[in-house]
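Colleague: The following block contains the structure, expressed as structure tokens.
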Amino acid sequence: MSLMGVRSTVPNSGLVAVLMEDGGPAMLAVPVGAREGLLLSAPGSPTPTWASLFAACVEAFGSAVLQVVLDVDADGVMCATAVLDAENPTQSTAVPCTPSDALVVATTLAIPIQATGALLRLRGLDLEEQALQRRLREWRQALDDAVAEDAWYL
């Protein structure tokens with residue numbers, strides 16, 4: 001997935017990082033705090049020291065961060081892991097982290113962001129969904145049929 005930007009949600013309820021599926025229509029909103037929102041939205045922002053320290057510690061142990069994975073736990077709550085390289089790919093280590101921290105690590109280290117199918121089913125928006133496509137067609141038809149006299153003026 002690719003970071004498209006950081007947006008404000010309903011007033012006083014926070015920020016979300018908007019991700020779009022690479023080569024696909026799915027979108028995902030990941031809640032982020034003000035600090036992470038600033039780091040993710042500012043192009044060329046300084047690298048956070050904690051992300052650099054994390055990468056240096058992983059490298060000191062002879063590994064590397066391969067990707068971050070966004071998922072949902074058994075209760076449907078969004079969670080994330082940073083996947084570390086291992087000699088045997090089936091034994092790679094997954095380090096739990098918050099979704100917002102995972103996005104900062106991925107952006108800082110320029111590594112891929114993956115979202116599981118379970119997360120996309122529960123939290124994502126699939127723009128190819130049939131019901132959504134039908135609603136969009138209905139809205140387009142309503143707009144095509146509308147005339148200026150139908151508008152309401154306040």
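The chains in the structure tokens are called A, B, ... from first to last as shown; in each chain the residues are counted from 1, and the ligands are counted from 1 in the order shown.
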Near region 62-71 of chain A, within 7 Å and counting only C-alpha atoms, which residues show up once chain neighbours fewer than 2 positions away are dropped, as a list of chain:residue names?
Modeller: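 Contacts, with the query itself left out: A:Val58, A:Glu59, A:Ala60, A:Asp73, A:Met78, A:Cys79, A:Ala80, A:Thr81, A:Ala82, A:Val83, A:Leu84, A:Asp85, A:Ala86, A:Pro99, A:Ala102, A:Ala106, A:Ile111, A:Pro112, A:Ile113, A:Gln114, A:Ala115, A:Thr116, A:Ala118, A:Leu119.
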Colleague: Using only C-alpha atoms for the distances, tell me which of A:Ala42, A:Val6, A:Met1, A:Leu53 is nearest to Gly23 (chain A).
Modeller: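 Distance minimum relative to Gly23 (chain A) lands on A:Met1.
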Colleague: Report, in Å with one decimal, the straight-line distance from CA of Ala94 (chain A) to CA of Ala110 (chain A).
Modeller: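 Between CA of Ala94 (chain A) and CA of Ala110 (chain A) the gap is 17.7 Å.
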Colleague: Among the residues of region 28-110 of chain A, find those DSSP assigns to helix (DSSP H, G or I) from the backbone and print them as an NGL selection string.
Modeller: :A and (34-41 or 49-60 or 89-91 or 99-109)
Colleague: How about saving the chosen residues, N, CA, C and O atoms kept, as a CSV table (one decimal), in the first residue's frame?
Modeller:
chain,number,residue,atom,x,y,z
A,34,ALA,N,-1.1,13.4,16.4
A,34,ALA,CA,-0.6,14.7,15.8
A,34,ALA,C,0.8,14.6,15.4
A,34,ALA,O,1.2,15.0,14.3
A,35,ARG,N,1.6,14.0,16.3
A,35,ARG,CA,3.1,13.8,16.0
A,35,ARG,C,3.3,13.0,14.7
A,35,ARG,O,4.1,13.4,13.8
A,36,GLU,N,2.7,11.8,14.7
A,36,GLU,CA,2.8,11.0,13.5
A,36,GLU,C,2.2,11.6,12.2
A,36,GLU,O,2.8,11.5,11.1
A,37,GLY,N,1.1,12.3,12.4
A,37,GLY,CA,0.5,13.0,11.3
A,37,GLY,C,1.4,14.0,10.7
A,37,GLY,O,1.5,14.1,9.4
A,38,LEU,N,2.1,14.8,11.5
A,38,LEU,CA,3.1,15.8,11.0
A,38,LEU,C,4.3,15.1,10.3
A,38,LEU,O,4.7,15.6,9.3
A,39,LEU,N,4.8,14.0,10.9
A,39,LEU,CA,5.9,13.3,10.3
A,39,LEU,C,5.5,12.7,8.9
A,39,LEU,O,6.3,12.7,8.0
A,40,LEU,N,4.3,12.2,8.8
A,40,LEU,CA,3.9,11.6,7.6
A,40,LEU,C,3.4,12.6,6.5
A,40,LEU,O,3.5,12.3,5.3
A,41,SER,N,3.0,13.7,6.9
A,41,SER,CA,2.4,14.7,5.9
A,41,SER,C,3.5,15.7,5.4
A,41,SER,O,3.3,16.2,4.3
A,49,THR,N,14.1,10.3,15.7
A,49,THR,CA,15.3,9.7,16.3
A,49,THR,C,14.9,8.2,16.7
A,49,THR,O,15.8,7.3,16.6
A,50,TRP,N,13.7,8.0,17.1
A,50,TRP,CA,13.4,6.7,17.6
A,50,TRP,C,13.3,5.7,16.4
A,50,TRP,O,13.7,4.5,16.6
A,51,ALA,N,12.9,6.1,15.2
A,51,ALA,CA,12.9,5.2,14.1
A,51,ALA,C,14.3,4.9,13.6
A,51,ALA,O,14.6,3.7,13.3
A,52,SER,N,15.2,5.9,13.7
A,52,SER,CA,16.6,5.6,13.3
A,52,SER,C,17.2,4.7,14.3
A,52,SER,O,18.0,3.8,14.0
A,53,LEU,N,16.9,4.9,15.6
A,53,LEU,CA,17.4,4.0,16.7
A,53,LEU,C,17.0,2.6,16.5
A,53,LEU,O,17.7,1.6,16.6
A,54,PHE,N,15.7,2.4,16.2
A,54,PHE,CA,15.1,1.1,15.9
A,54,PHE,C,15.8,0.4,14.8
A,54,PHE,O,16.3,-0.8,14.9
A,55,ALA,N,16.0,1.1,13.7
A,55,ALA,CA,16.7,0.5,12.5
A,55,ALA,C,18.2,0.2,12.8
A,55,ALA,O,18.7,-0.9,12.4
A,56,ALA,N,18.8,1.0,13.6
A,56,ALA,CA,20.2,0.8,14.0
A,56,ALA,C,20.3,-0.4,14.9
A,56,ALA,O,21.3,-1.2,14.7
A,57,CYS,N,19.4,-0.6,15.8
A,57,CYS,CA,19.4,-1.8,16.7
A,57,CYS,C,19.2,-3.1,15.9
A,57,CYS,O,19.9,-4.1,16.1
A,58,VAL,N,18.2,-3.0,15.0
A,58,VAL,CA,17.9,-4.2,14.2
A,58,VAL,C,19.2,-4.5,13.3
A,58,VAL,O,19.6,-5.7,13.2
A,59,GLU,N,19.8,-3.5,12.8
A,59,GLU,CA,21.0,-3.8,12.0
A,59,GLU,C,22.2,-4.3,12.8
A,59,GLU,O,22.9,-5.1,12.4
A,60,ALA,N,22.3,-3.8,14.0
A,60,ALA,CA,23.4,-4.3,14.9
A,60,ALA,C,23.2,-5.8,15.2
A,60,ALA,O,24.2,-6.4,15.5
A,89,PRO,N,13.6,-17.5,5.7
A,89,PRO,CA,12.5,-16.6,5.5
A,89,PRO,C,11.2,-17.1,6.3
A,89,PRO,O,10.4,-16.2,6.7
A,90,THR,N,11.1,-18.4,6.6
A,90,THR,CA,9.9,-18.8,7.3
A,90,THR,C,10.1,-18.5,8.8
A,90,THR,O,9.1,-18.6,9.6
A,91,GLN,N,11.3,-18.1,9.3
A,91,GLN,CA,11.5,-17.8,10.7
A,91,GLN,C,11.6,-16.3,10.9
A,91,GLN,O,12.2,-15.8,11.9
A,99,PRO,N,-0.1,0.8,14.7
A,99,PRO,CA,-0.2,1.1,13.3
A,99,PRO,C,0.4,2.5,12.9
A,99,PRO,O,1.1,2.5,11.8
A,100,SER,N,0.2,3.5,13.7
A,100,SER,CA,0.8,4.8,13.3
A,100,SER,C,2.4,4.7,13.4
A,100,SER,O,3.0,5.3,12.5
A,101,ASP,N,2.9,4.0,14.4
A,101,ASP,CA,4.4,3.9,14.4
A,101,ASP,C,4.9,3.0,13.2
A,101,ASP,O,5.9,3.3,12.7
A,102,ALA,N,4.1,2.0,12.8
A,102,ALA,CA,4.5,1.2,11.7
A,102,ALA,C,4.6,2.1,10.4
A,102,ALA,O,5.5,1.9,9.6
A,103,LEU,N,3.6,3.0,10.2
A,103,LEU,CA,3.6,3.8,9.1
A,103,LEU,C,4.8,4.8,9.1
A,103,LEU,O,5.5,5.0,8.1
A,104,VAL,N,5.2,5.3,10.3
A,104,VAL,CA,6.4,6.2,10.4
A,104,VAL,C,7.6,5.4,10.0
A,104,VAL,O,8.5,5.9,9.3
A,105,VAL,N,7.8,4.2,10.6
A,105,VAL,CA,8.9,3.3,10.3
A,105,VAL,C,9.0,3.0,8.8
A,105,VAL,O,10.0,3.2,8.1
A,106,ALA,N,7.9,2.7,8.2
A,106,ALA,CA,7.9,2.3,6.7
A,106,ALA,C,8.2,3.6,5.9
A,106,ALA,O,9.0,3.4,4.9
A,107,THR,N,7.7,4.7,6.3
A,107,THR,CA,8.1,5.9,5.5
A,107,THR,C,9.5,6.3,5.7
A,107,THR,O,10.2,6.7,4.8
A,108,THR,N,10.0,6.2,6.9
A,108,THR,CA,11.4,6.6,7.3
A,108,THR,C,12.4,5.7,6.6
A,108,THR,O,13.4,6.2,6.0
A,109,LEU,N,12.1,4.4,6.6
A,109,LEU,CA,13.0,3.4,6.0
A,109,LEU,C,12.8,3.1,4.6
A,109,LEU,O,13.5,2.3,4.0
Colleague: What separation in Å, quoted to one decimal, exists between CA of Met4 (chain A) and CA of Val77 (chain A)?
Modeller: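 CA of Val77 (chain A) lies at a distance of 22.2 Å from CA of Met4 (chain A).
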Colleague: Rounded to one decimal, what separation in Å do you get between CA of Leu3 (chain A) and CA of Val18 (chain A)?
Modeller: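 Going from CA of Leu3 (chain A) over to CA of Val18 (chain A), I get 6.1 Å.
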